[in-house]
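Chemist: Quick one: the structure is below, and I'll ask about it shortly.
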Amino acid sequence: MPLNESHVTPSMEADREKLLPDALDAAADSPIKFGISYVCHSVGFLNSRGLWFGNDPLDFSVPLLLLQLSLMFIFSNSFYIILKPLGQPSIISQILGGLTLGPSILGRNSTFANKVFPPRGKHVLDTFAFFGLMLFVFLLGVKIDPTIISRSGKRAFAIGVLGFIVPYTFAGLVVYILDQFSSLDHDISKMLPIVVAIASMTTFPVITCFLSELQILNSEIGRLASSSSIVCDVFYWSIMAMEFASSLTQTKSLGVCFGFLLSSALLVLFIVLVVRPSALWAIRHTPEGEPVKEIYIFGVLVTLLICGVLGEVIGLHAFFVSFLLGLAIPDGPPFGAALVDKLDCFVSVILLPIIFVIIGLRTDVYAITKLKNVGVITLVIFVAFCGKILVASLPLLFRRMPFRDALSLGLVMNSKGIVELTMLTNWKIQDVVSEEFFAIMILTLVLITGIVSPLVKVLYDPSKRFLAYKRRTFFHHNNDEPLRVLACIHRPDNVLAVLNLLAASNATIRSPIDLIVLHLVKLAGRASSLLVAHVPRENPHQQRPTKSEQIFKAFMKFENKLGGLVTLHCFKGISPYETMHNDVCYLALEKRITFIIIPFHKNWIFGGKAVASFAFKHLNKNVLEKAPCTVGILVDRGNQQNFWCDHFVKEPIYQVAVLFFGGADDREALALARRMLEQPHVYIALIQFSATTDIVSGTERSKMLDTQILSDFRLSAFRNERVSYKDERVMDGRGVLSVIEYMDNVYDLVLVGRRHGDSHLMSELKKWKDGELGAVGEILASLDIGAKTSVLVVQQQTKVWGLRDPEDSTNLRRETNFVI
């Protein structure tokens with residue numbers, strides 16, 4: 001294809017005249033081959049001098065690439081802004097952006113297509129995008145934990161295997177019937193097996209990206225879908241590998257087969273025996289909490305490029321080699337997380353969207369000429385779709401899971417994404433599939449994903465499951481049954497205050513403490529979330545203990561000190577901050593927890609300075625809204641005494657103050673204080689606030705319960721020298737502030753309820769402070785009431801199955817006859 005003379009500038013003409021003799025000599029030495037398509041491009045034109053100097057910038061590679069990328073991001077992000085409120089994932093907007101720029105809409109204009117997306121520009125863009133896909137596949141391998149297959153369980157294994165076999169069989173049967181009893185176009189008939197394979201696939205990278213966008217990655221359905229998809233993925237690619245090996249032996253000579261298999265095996269052995277041990281060595285030489293050295297990151301990237309080249313040389317696709325190399329790098333911190341942190345933003349934000357836009361650019365909807373072909377392909381995909389829903393849903397329905405949840409899993413398993421679209425694009429580039437078939441498949445897969453995403457959002461809400469069938473509060477807890485506590489820990493600094501609180505909570509033979517410790521870790525360098533019980537290492541002294549092991553070791557010492565009065569279970573939850581509350585609430589529901597302890601989102605460091613974390617604040621907010629039991633947010637200023645350990649060797653004093661205004665949460669705080677009364681080293685001061693008018697609003701029943709628990713507390717504390725009582729009469733919010741400001745600095749812990757009924761006094765307090773801890777809790781957390789003083793803000797269980805408002809429970813006899 002000769003260069004268009006109308007686009008030749010004077011500078012280009014001069015360069016061409018210089019290069020022409022050499023080009024003619026080269027052409028004379030190499031004979032022309034007929035029957036082969038040739039595309040001629042100008043070379044050496046990278047940067048434009050500008051319009052003022054006679055250059056057309058779009059004739060040069062760099063400005064052309066910049067314009068193409070700019071248009072891609074503008075169109076794809078515009079569609080994303082429009083479609084996000086409709087629950088559509090980002091892949092839909094990116095492909096629509098490509099369709100708009102491609103031959104389906106703007107590309108129909110030949111001037112636009114030749115200037116903005118000429119053939120020479122498409123090759124640069126394709127190379128750029130597929131290098132990004134290679135990096136994406138590498139990062140995907142890094143994020144995957146191969147042991148997830150062994151932990152999948154029978155249910156996930158069955159769904160994964162049958163989730164491919166059943167839809168493949170159903171769709172294959174439909175294809176056979178269509179071939180036998182209808183007249184199909186030869187091209188479409190030949191490509192229907194591809195439709196069956198793609199419709200039956202459920203790929204792990206697509207599912208995890210889909211779950212992450214829907215923010216259900218660490219929900220029950222999310223974990224099951226992740227495990228099932230990786231089983232399905234392994235099963236599918238194992239079949240493909242066997243088919244490839246079979247076709248290789250049938251079509252190639254013995255020497256070619258032997259050379260390919262030997263070179264492939266040597267490359268895999270290099271990755272397994274050299275790359276992985278090197279990565280493990282780097283991890284051992286990286287102290288926990290310190291960044292990975294740049295030389296390690298550089299070494300991995302160089303190895304990736306070299307292995308990619310070697311793979312292409314011996315006949316293995318660079319994508320496959322990149323994925324294997326990623327699998328050899330251990331997932332998670334420090335090494336896997338460091339690699340993901342370095343590359344993920346560039347790959348997922350810049351390079352990966354280009355792939356989807358390119359897919360749209362290659363899609364020409366005008367190539368679809370026969371509606372019959374659309375109907376045939378859609379029918380095959382629909383049958384496979386229904387088969388996958390059937391296989392995924394039935395096992396859950398037999399396990400009595402709600403129909404909406406089971407249907408959601410089936411829909412999730414049908415979602416399509418980058419793997420299927422990349423396979424189709426690769427076949428399109430190799431001319432395996434026709435323009436019409438490619439356009440039909442792209443539009444159908446986009447339609448499926450566009451329908452599945454909003455449906456799952458409507459059907460599945462993990463928080464709806466976090467409903468207990470009975471009251472799980474201190475107020476309703478019997479003194480002759482175990483107290484089940486879930487302690488959430490972010491870092492080792494949180495441990496001491498939690499242990500002191502547990503020691504003060506008085507574990508006894510009649511009412512021991514069943515303690516669940518959950519170490520919450522941000523998902524980094526992993527593709528799937530994790531919630532597992534801690535398993536101690538066989539030789540813990542050979543390696544430096546991890547943060548989780550340091551945390552669990554402290555609680556194990558606490559368990560040993562109390563000698564059977566505390567039963568400890570340790571868990572580790574790795575999930576995104578946005579959905580971390582699902583781990584907390586799920587564990588609280590499954591273990592029938594009465595009390596969740598979770599750290600405040602502010603952390604006090606040396607010098608008394610507070611460092612806030614928005615992610616932890618969001619977590620606490622969600623736990624307070626959705627927890628199936630009582631929640632306590634523990635504000636720790638980092639100067640706690642070692643009460644939990646000291647009271648075994650000497651006679652320390654743990655001073656507790658209870659601020660009582662009235663309402664369900666204050667009653668819950670007082671019920672916890674009543675349990676502490678039996679601990680001989682705990683001293684309790686009850687400060688009741690009263691006024692001439694209602695200090696907090698509430699129903700008559702709520703006020704009656706307040707009076708009842710106060711009377712019972714005073715009766716239990718009668719003649720107890722470790723208990724003091726003070727009635728503070730205040731006139732307004734400033735009076736409450738004065739009482740709090742002048743509290744003795746001797747208290748180790750202050751207990752207060754989170755929510756208080758509306759009143760004039762509370763309205764004044766909310767003007768000063770209001771937030772996640774409530775008005776009074778926020779004031780306590782912000783004022784200097786003692787460097788060693790912690791604050792526990794308590795919220796009573798807010799949701800009970802069958803009760804819209806637990807305060808209005810008809811089970812009046814139990815609550816009014818509350819015996820402490």
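Ligands are numbered from 1 in the order shown, residues from 1 within each chain, and chains are lettered A, B, ... in the order they appear in the structure tokens.
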Leaving out range 401-404 of chain A and any residue of its chain fewer than 3 positions from it, which residues lie within 12 Å of it when counting only C-alpha atoms, given as a list in words?

Modeler: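 These residues fall inside the cut-off: Glu220, Ile221, Ile389, Leu390, Ala392, Ser393, Leu394, Pro395, Leu396, Leu397, Phe398, Leu407, Ser408, Leu409, Gly410, Leu411, Leu455, Val456, Lys457, Val458, Leu459, Tyr460, Asp461, Pro462, Lys464 and Arg465 of chain A.
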
Chemist: In Å, rounded to a single decimal, give me how far CA of His519 in chain A is from CA of Phe571 in chain A.

Modeler: 6.4 Å

Chemist: Any chance you could list, as a short mmCIF file (atom, residue, chain, number, x, y, z; two decimals) with C-alpha atoms, in the first residue's frame, the residues in range 651-797 of chain A that come up helix (DSSP H, G or I) when DSSP is run on the backbone?

Modeler:
data_model
loop_
_atom_site.label_atom_id
_atom_site.label_comp_id
_atom_site.auth_asym_id
_atom_site.auth_seq_id
_atom_site.Cartn_x
_atom_site.Cartn_y
_atom_site.Cartn_z
CA ALA A 664 -30.20 0.45 75.57
CA ASP A 665 -26.49 1.05 74.98
CA ASP A 666 -25.89 2.48 78.45
CA ARG A 667 -27.74 -0.49 79.94
CA GLU A 668 -25.44 -2.77 77.95
CA ALA A 669 -22.36 -0.98 79.28
CA LEU A 670 -23.67 -1.27 82.82
CA ALA A 671 -24.40 -4.98 82.30
CA LEU A 672 -20.74 -5.48 81.34
CA ALA A 673 -19.66 -3.54 84.43
CA ARG A 674 -21.89 -5.79 86.53
CA ARG A 675 -20.00 -8.81 85.23
CA MET A 676 -16.73 -7.10 86.19
CA GLU A 700 -41.76 4.42 79.00
CA ARG A 701 -40.55 0.85 78.69
CA SER A 702 -36.98 1.99 78.06
CA LYS A 703 -37.08 4.23 81.14
CA MET A 704 -38.47 1.34 83.18
CA LEU A 705 -35.57 -0.88 82.06
CA ASP A 706 -33.10 1.87 83.00
CA THR A 707 -34.58 2.09 86.48
CA GLN A 708 -34.59 -1.69 86.82
CA ILE A 709 -30.93 -2.22 85.90
CA LEU A 710 -29.78 0.70 88.07
CA SER A 711 -31.67 -0.73 91.06
CA ASP A 712 -30.28 -4.21 90.46
CA PHE A 713 -26.75 -2.84 90.12
CA ARG A 714 -26.99 -0.89 93.36
CA LEU A 715 -28.40 -3.94 95.10
CA SER A 716 -25.56 -6.14 93.84
CA GLY A 733 -24.29 20.03 77.69
CA ARG A 734 -21.59 22.23 79.20
CA GLY A 735 -22.32 20.65 82.57
CA VAL A 736 -21.68 17.18 81.13
CA LEU A 737 -18.41 18.42 79.64
CA SER A 738 -17.36 19.79 83.01
CA VAL A 739 -17.98 16.46 84.75
CA ILE A 740 -16.00 14.57 82.12
CA GLU A 741 -13.11 17.06 82.08
CA HIS A 760 -31.99 19.19 74.26
CA LEU A 761 -28.89 18.17 76.23
CA MET A 762 -27.78 15.58 73.66
CA SER A 763 -28.34 18.06 70.84
CA GLU A 764 -25.91 20.43 72.54
CA LEU A 765 -23.31 17.66 72.93
CA LYS A 766 -23.64 16.69 69.25
CA LYS A 767 -22.75 20.25 68.29
CA TRP A 768 -19.35 19.77 69.91
CA GLY A 774 -21.65 8.88 69.36
CA ALA A 775 -21.61 12.31 71.00
CA VAL A 776 -20.38 11.26 74.46
CA GLY A 777 -17.93 8.68 73.12
CA GLU A 778 -16.34 11.19 70.74
CA ILE A 779 -15.93 13.69 73.58
CA LEU A 780 -14.26 11.05 75.76
CA ALA A 781 -11.93 10.06 72.91
CA SER A 782 -10.92 13.67 72.20
#

Chemist: Write out as an MDAnalysis selection string the residues lying within 12 Å of Lys553 in chain A, counting only C-alpha atoms and excluding same-chain residues fewer than 5 positions away.

Modeler: chainID A and resid 492 495 517 534 536 540 545:548 558:560 568:570

Chemist: As a PyMOL selection string, please: the residues near Glu578 in chain A (cut-off 10 Å, only C-alpha atoms, same-chain neighbours under 6 positions excluded).

Modeler: chain A and resi 212+215-216+522+615-616+618-619+622

Chemist: Skip range 682-689 of chain A itself and residues of its chain fewer than 6 positions away, then list as a PyMOL selection string all residues within 7 Å of it, counting only C-alpha atoms.

Modeler: chain A and resi 504+653-661+676+722-730

Chemist: Restricted to N, CA and C atoms, what would the selected residues look like written as a JSON list (two decimals), in the first residue's frame?

Modeler:
[["chain", "number", "residue", "atom", "x", "y", "z"],
["A", 504, "ALA", "N", -10.43, -8.18, 82.98],
["A", 504, "ALA", "CA", -11.39, -7.53, 83.87],
["A", 504, "ALA", "C", -12.79, -8.10, 83.72],
["A", 653, "ILE", "N", -4.72, -2.74, 90.82],
["A", 653, "ILE", "CA", -6.09, -2.22, 90.84],
["A", 653, "ILE", "C", -6.43, -1.77, 89.43],
["A", 654, "TYR", "N", -7.59, -2.20, 88.93],
["A", 654, "TYR", "CA", -8.06, -1.80, 87.61],
["A", 654, "TYR", "C", -9.31, -0.96, 87.82],
["A", 655, "GLN", "N", -9.18, 0.35, 87.60],
["A", 655, "GLN", "CA", -10.25, 1.30, 87.87],
["A", 655, "GLN", "C", -11.14, 1.45, 86.63],
["A", 656, "VAL", "N", -12.45, 1.26, 86.82],
["A", 656, "VAL", "CA", -13.41, 1.37, 85.74],
["A", 656, "VAL", "C", -14.48, 2.40, 86.11],
["A", 657, "ALA", "N", -14.76, 3.31, 85.19],
["A", 657, "ALA", "CA", -15.85, 4.28, 85.38],
["A", 657, "ALA", "C", -16.93, 3.99, 84.35],
["A", 658, "VAL", "N", -18.19, 4.05, 84.80],
["A", 658, "VAL", "CA", -19.34, 3.85, 83.92],
["A", 658, "VAL", "C", -20.16, 5.13, 83.89],
["A", 659, "LEU", "N", -20.32, 5.70, 82.70],
["A", 659, "LEU", "CA", -21.15, 6.90, 82.54],
["A", 659, "LEU", "C", -22.52, 6.46, 82.07],
["A", 660, "PHE", "N", -23.55, 6.79, 82.86],
["A", 660, "PHE", "CA", -24.90, 6.32, 82.56],
["A", 660, "PHE", "C", -25.82, 7.51, 82.32],
["A", 661, "PHE", "N", -26.34, 7.60, 81.09],
["A", 661, "PHE", "CA", -27.33, 8.63, 80.74],
["A", 661, "PHE", "C", -28.71, 8.01, 80.57],
["A", 676, "MET", "N", -18.05, -7.39, 85.65],
["A", 676, "MET", "CA", -16.73, -7.10, 86.19],
["A", 676, "MET", "C", -16.71, -7.03, 87.72],
["A", 722, "ARG", "N", -15.55, -1.98, 96.64],
["A", 722, "ARG", "CA", -14.93, -1.74, 95.33],
["A", 722, "ARG", "C", -15.86, -0.98, 94.38],
["A", 723, "VAL", "N", -17.02, -0.58, 94.88],
["A", 723, "VAL", "CA", -18.00, 0.10, 94.03],
["A", 723, "VAL", "C", -18.36, 1.45, 94.66],
["A", 724, "SER", "N", -18.38, 2.46, 93.82],
["A", 724, "SER", "CA", -18.84, 3.78, 94.27],
["A", 724, "SER", "C", -19.92, 4.28, 93.31],
["A", 725, "TYR", "N", -20.76, 5.15, 93.83],
["A", 725, "TYR", "CA", -21.89, 5.65, 93.02],
["A", 725, "TYR", "C", -21.98, 7.16, 93.20],
["A", 726, "LYS", "N", -22.20, 7.85, 92.09],
["A", 726, "LYS", "CA", -22.32, 9.31, 92.14],
["A", 726, "LYS", "C", -23.42, 9.74, 91.18],
["A", 727, "ASP", "N", -24.31, 10.61, 91.70],
["A", 727, "ASP", "CA", -25.39, 11.16, 90.88],
["A", 727, "ASP", "C", -25.02, 12.60, 90.51],
["A", 728, "GLU", "N", -24.75, 12.81, 89.22],
["A", 728, "GLU", "CA", -24.37, 14.14, 88.74],
["A", 728, "GLU", "C", -25.57, 14.81, 88.08],
["A", 729, "ARG", "N", -26.04, 15.90, 88.70],
["A", 729, "ARG", "CA", -27.15, 16.65, 88.14],
["A", 729, "ARG", "C", -26.58, 17.77, 87.27],
["A", 730, "VAL", "N", -27.00, 17.78, 86.02],
["A", 730, "VAL", "CA", -26.47, 18.76, 85.07],
["A", 730, "VAL", "C", -27.64, 19.53, 84.46]]

Chemist: Set the distance at 12 Å and use only C-alpha atoms: which residues neighbour Phe382 in chain A once local chain neighbours fewer than 2 positions away are removed? I'd like the list as a PyMOL selection string.

Modeler: chain A and resi 167-168+170-171+174+195-196+199-200+374-380+384-389+414+444-445+447-448

Chemist: If we count only C-alpha atoms, what is near range 795-800 of chain A at a cut-off of 7 Å, once residues fewer than 5 positions away on the same chain are taken out, given as JSON, numbers by chain?

Modeler: {"A": [467, 468, 469, 470, 471, 472, 473, 628, 629, 630, 631, 632, 664, 665, 668, 753, 754, 806]}

Chemist: Kindly export the residues of the current selection with all heavy atoms, as a compact mmCIF listing (two decimals), in the first residue's frame.

Modeler:
# COMPACT_ATOMS: atom_id res chain seq x y z
N LEU A 467 -28.06 -11.93 60.72
CA LEU A 467 -29.15 -11.76 61.68
C LEU A 467 -29.17 -12.94 62.63
O LEU A 467 -29.24 -14.09 62.20
CB LEU A 467 -30.50 -11.66 60.95
CG LEU A 467 -30.85 -10.32 60.30
CD1 LEU A 467 -32.18 -10.45 59.59
CD2 LEU A 467 -30.91 -9.21 61.32
N ALA A 468 -29.09 -12.65 63.91
CA ALA A 468 -29.15 -13.71 64.92
C ALA A 468 -30.61 -14.00 65.25
O ALA A 468 -31.49 -13.14 65.11
CB ALA A 468 -28.41 -13.28 66.18
N TYR A 469 -30.87 -15.23 65.68
CA TYR A 469 -32.24 -15.64 66.01
C TYR A 469 -32.57 -15.41 67.49
O TYR A 469 -33.66 -15.70 67.92
CB TYR A 469 -32.43 -17.12 65.67
CG TYR A 469 -32.45 -17.39 64.19
CD1 TYR A 469 -31.28 -17.61 63.48
CD2 TYR A 469 -33.64 -17.40 63.47
CE1 TYR A 469 -31.31 -17.84 62.12
CE2 TYR A 469 -33.68 -17.63 62.11
CZ TYR A 469 -32.50 -17.85 61.45
OH TYR A 469 -32.52 -18.07 60.09
N LYS A 470 -31.63 -14.90 68.26
CA LYS A 470 -31.88 -14.61 69.67
C LYS A 470 -31.03 -13.41 70.06
O LYS A 470 -30.14 -12.98 69.33
CB LYS A 470 -31.54 -15.82 70.54
CG LYS A 470 -30.09 -16.29 70.43
CD LYS A 470 -29.79 -17.44 71.35
CE LYS A 470 -29.82 -17.00 72.80
NZ LYS A 470 -29.38 -18.05 73.72
N ARG A 471 -31.33 -12.88 71.24
CA ARG A 471 -30.59 -11.73 71.74
C ARG A 471 -29.21 -12.17 72.18
O ARG A 471 -29.06 -13.05 73.01
CB ARG A 471 -31.33 -11.08 72.90
CG ARG A 471 -32.74 -10.62 72.57
CD ARG A 471 -32.78 -9.66 71.42
NE ARG A 471 -32.00 -8.46 71.65
CZ ARG A 471 -32.47 -7.36 72.25
NH1 ARG A 471 -33.72 -7.32 72.66
NH2 ARG A 471 -31.71 -6.32 72.41
N ARG A 472 -28.18 -11.54 71.61
CA ARG A 472 -26.79 -11.83 71.97
C ARG A 472 -26.19 -10.56 72.55
O ARG A 472 -25.52 -9.80 71.87
CB ARG A 472 -26.01 -12.32 70.75
CG ARG A 472 -26.52 -13.65 70.20
CD ARG A 472 -25.71 -14.11 69.02
NE ARG A 472 -26.24 -15.36 68.47
CZ ARG A 472 -25.78 -15.94 67.37
NH1 ARG A 472 -24.78 -15.40 66.70
NH2 ARG A 472 -26.30 -17.06 66.93
N THR A 473 -26.47 -10.35 73.83
CA THR A 473 -26.03 -9.14 74.53
C THR A 473 -25.61 -9.51 75.94
O THR A 473 -25.94 -10.59 76.45
CB THR A 473 -27.17 -8.11 74.60
OG1 THR A 473 -28.19 -8.61 75.48
CG2 THR A 473 -27.77 -7.83 73.23
N PRO A 628 -24.29 -8.99 64.29
CA PRO A 628 -25.42 -9.72 64.88
C PRO A 628 -25.35 -9.82 66.40
O PRO A 628 -25.96 -10.71 66.98
CB PRO A 628 -25.27 -11.11 64.24
CG PRO A 628 -23.80 -11.28 64.06
CD PRO A 628 -23.24 -9.91 63.77
N CYS A 629 -24.62 -8.93 67.05
CA CYS A 629 -24.47 -9.00 68.51
C CYS A 629 -24.03 -7.62 69.01
O CYS A 629 -24.02 -6.65 68.27
CB CYS A 629 -23.44 -10.07 68.89
SG CYS A 629 -21.81 -9.77 68.18
N THR A 630 -23.66 -7.57 70.28
CA THR A 630 -23.17 -6.33 70.86
C THR A 630 -21.76 -6.03 70.35
O THR A 630 -20.94 -6.93 70.17
CB THR A 630 -23.16 -6.44 72.40
OG1 THR A 630 -24.50 -6.46 72.86
CG2 THR A 630 -22.43 -5.27 73.04
N VAL A 631 -21.48 -4.74 70.13
CA VAL A 631 -20.17 -4.30 69.63
C VAL A 631 -19.58 -3.30 70.60
O VAL A 631 -20.29 -2.42 71.11
CB VAL A 631 -20.29 -3.66 68.23
CG1 VAL A 631 -18.93 -3.20 67.73
CG2 VAL A 631 -20.92 -4.63 67.25
N GLY A 632 -18.28 -3.43 70.87
CA GLY A 632 -17.56 -2.46 71.67
C GLY A 632 -16.37 -1.93 70.91
O GLY A 632 -15.52 -2.70 70.45
N ALA A 664 -30.63 1.84 75.72
CA ALA A 664 -30.20 0.45 75.57
C ALA A 664 -28.69 0.29 75.64
O ALA A 664 -28.18 -0.65 76.26
CB ALA A 664 -30.73 -0.11 74.25
N ASP A 665 -27.94 1.20 75.01
CA ASP A 665 -26.49 1.05 74.98
C ASP A 665 -25.87 1.30 76.35
O ASP A 665 -24.91 0.62 76.74
CB ASP A 665 -25.88 2.01 73.96
CG ASP A 665 -26.25 1.63 72.53
OD1 ASP A 665 -26.81 0.53 72.34
OD2 ASP A 665 -25.97 2.41 71.61
N GLU A 668 -26.38 -1.72 78.34
CA GLU A 668 -25.44 -2.77 77.95
C GLU A 668 -24.07 -2.54 78.59
O GLU A 668 -23.43 -3.49 79.05
CB GLU A 668 -25.31 -2.79 76.42
CG GLU A 668 -24.53 -3.96 75.87
CD GLU A 668 -25.27 -5.27 75.96
OE1 GLU A 668 -26.41 -5.31 76.49
OE2 GLU A 668 -24.70 -6.30 75.53
N GLY A 753 -22.32 4.06 76.69
CA GLY A 753 -23.09 3.63 75.53
C GLY A 753 -22.84 4.53 74.33
O GLY A 753 -22.48 5.70 74.48
N ARG A 754 -23.06 3.99 73.15
CA ARG A 754 -22.80 4.77 71.93
C ARG A 754 -23.98 5.68 71.58
O ARG A 754 -23.79 6.84 71.24
CB ARG A 754 -22.51 3.82 70.76
CG ARG A 754 -22.35 4.53 69.43
CD ARG A 754 -21.93 3.57 68.32
NE ARG A 754 -21.87 4.27 67.05
CZ ARG A 754 -22.83 4.28 66.14
NH1 ARG A 754 -23.97 3.62 66.38
NH2 ARG A 754 -22.70 4.94 65.01
N PRO A 806 -35.37 -4.06 68.50
CA PRO A 806 -35.22 -4.87 69.70
C PRO A 806 -35.73 -4.18 70.96
O PRO A 806 -36.10 -4.84 71.92
CB PRO A 806 -33.70 -5.09 69.78
CG PRO A 806 -33.23 -4.95 68.37
CD PRO A 806 -34.12 -3.91 67.77

Chemist: Restrict the calculation to only C-alpha atoms, then for each residue of range 396-434 of chain A with any atom at most 12 Å from an atom of range 116-134 of chain A give the closest atom pair and their distance in Å to one decimal, rows by chain and rising residue number, as a tab-separated table.

Modeler:
residue	atom	partner	partner_atom	distance
A:Ile418	CA	A:Leu133	CA	9.4
A:Val419	CA	A:Leu133	CA	10.1
A:Leu421	CA	A:Leu133	CA	11.9
A:Thr422	CA	A:Leu133	CA	9.0
A:Met423	CA	A:Leu133	CA	11.9
A:Thr425	CA	A:Asp126	CA	10.8
A:Asn426	CA	A:Phe130	CA	10.3
A:Ile429	CA	A:Asp126	CA	10.5

Chemist: Store the residues picked out above, limited to N, CA, C and O atoms, as a compact mmCIF listing (two decimals), in the first residue's frame.

Modeler:
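What landed in selection20.txt:
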# COMPACT_ATOMS: atom_id res chain seq x y z
N ILE A 418 -11.82 -10.74 30.60
CA ILE A 418 -10.61 -10.55 29.82
C ILE A 418 -10.09 -11.83 29.18
O ILE A 418 -9.59 -11.82 28.05
N VAL A 419 -10.22 -12.97 29.85
CA VAL A 419 -9.67 -14.21 29.30
C VAL A 419 -10.41 -14.61 28.03
O VAL A 419 -9.80 -14.86 26.98
N LEU A 421 -12.36 -12.75 26.12
CA LEU A 421 -12.23 -11.73 25.08
C LEU A 421 -10.85 -11.76 24.43
O LEU A 421 -10.72 -11.56 23.22
N THR A 422 -9.81 -12.02 25.22
CA THR A 422 -8.46 -12.10 24.66
C THR A 422 -8.32 -13.31 23.75
O THR A 422 -7.67 -13.23 22.69
N MET A 423 -8.91 -14.43 24.14
CA MET A 423 -8.87 -15.61 23.28
C MET A 423 -9.53 -15.33 21.93
O MET A 423 -8.99 -15.67 20.87
N THR A 425 -9.94 -12.40 20.51
CA THR A 425 -9.13 -11.44 19.76
C THR A 425 -7.92 -12.12 19.12
O THR A 425 -7.55 -11.82 17.97
N ASN A 426 -7.31 -13.04 19.86
CA ASN A 426 -6.16 -13.77 19.31
C ASN A 426 -6.56 -14.60 18.10
O ASN A 426 -5.85 -14.64 17.09
N ILE A 429 -7.03 -12.21 15.17
CA ILE A 429 -5.78 -11.78 14.56
C ILE A 429 -5.20 -12.88 13.67
O ILE A 429 -4.64 -12.62 12.60

Chemist: Mind pulling up the distance from CA of Ile230 in chain A to CA of Ser263 in chain A?

Modeler: 27.3 Å

Chemist: Between A:Ser463, A:Ala554, A:Ile314, A:Val142, which is the closest to Cys257 in chain A once you count only C-alpha atoms?

Modeler: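 Closest to Cys257 in chain A of all the choices is A:Ile314.
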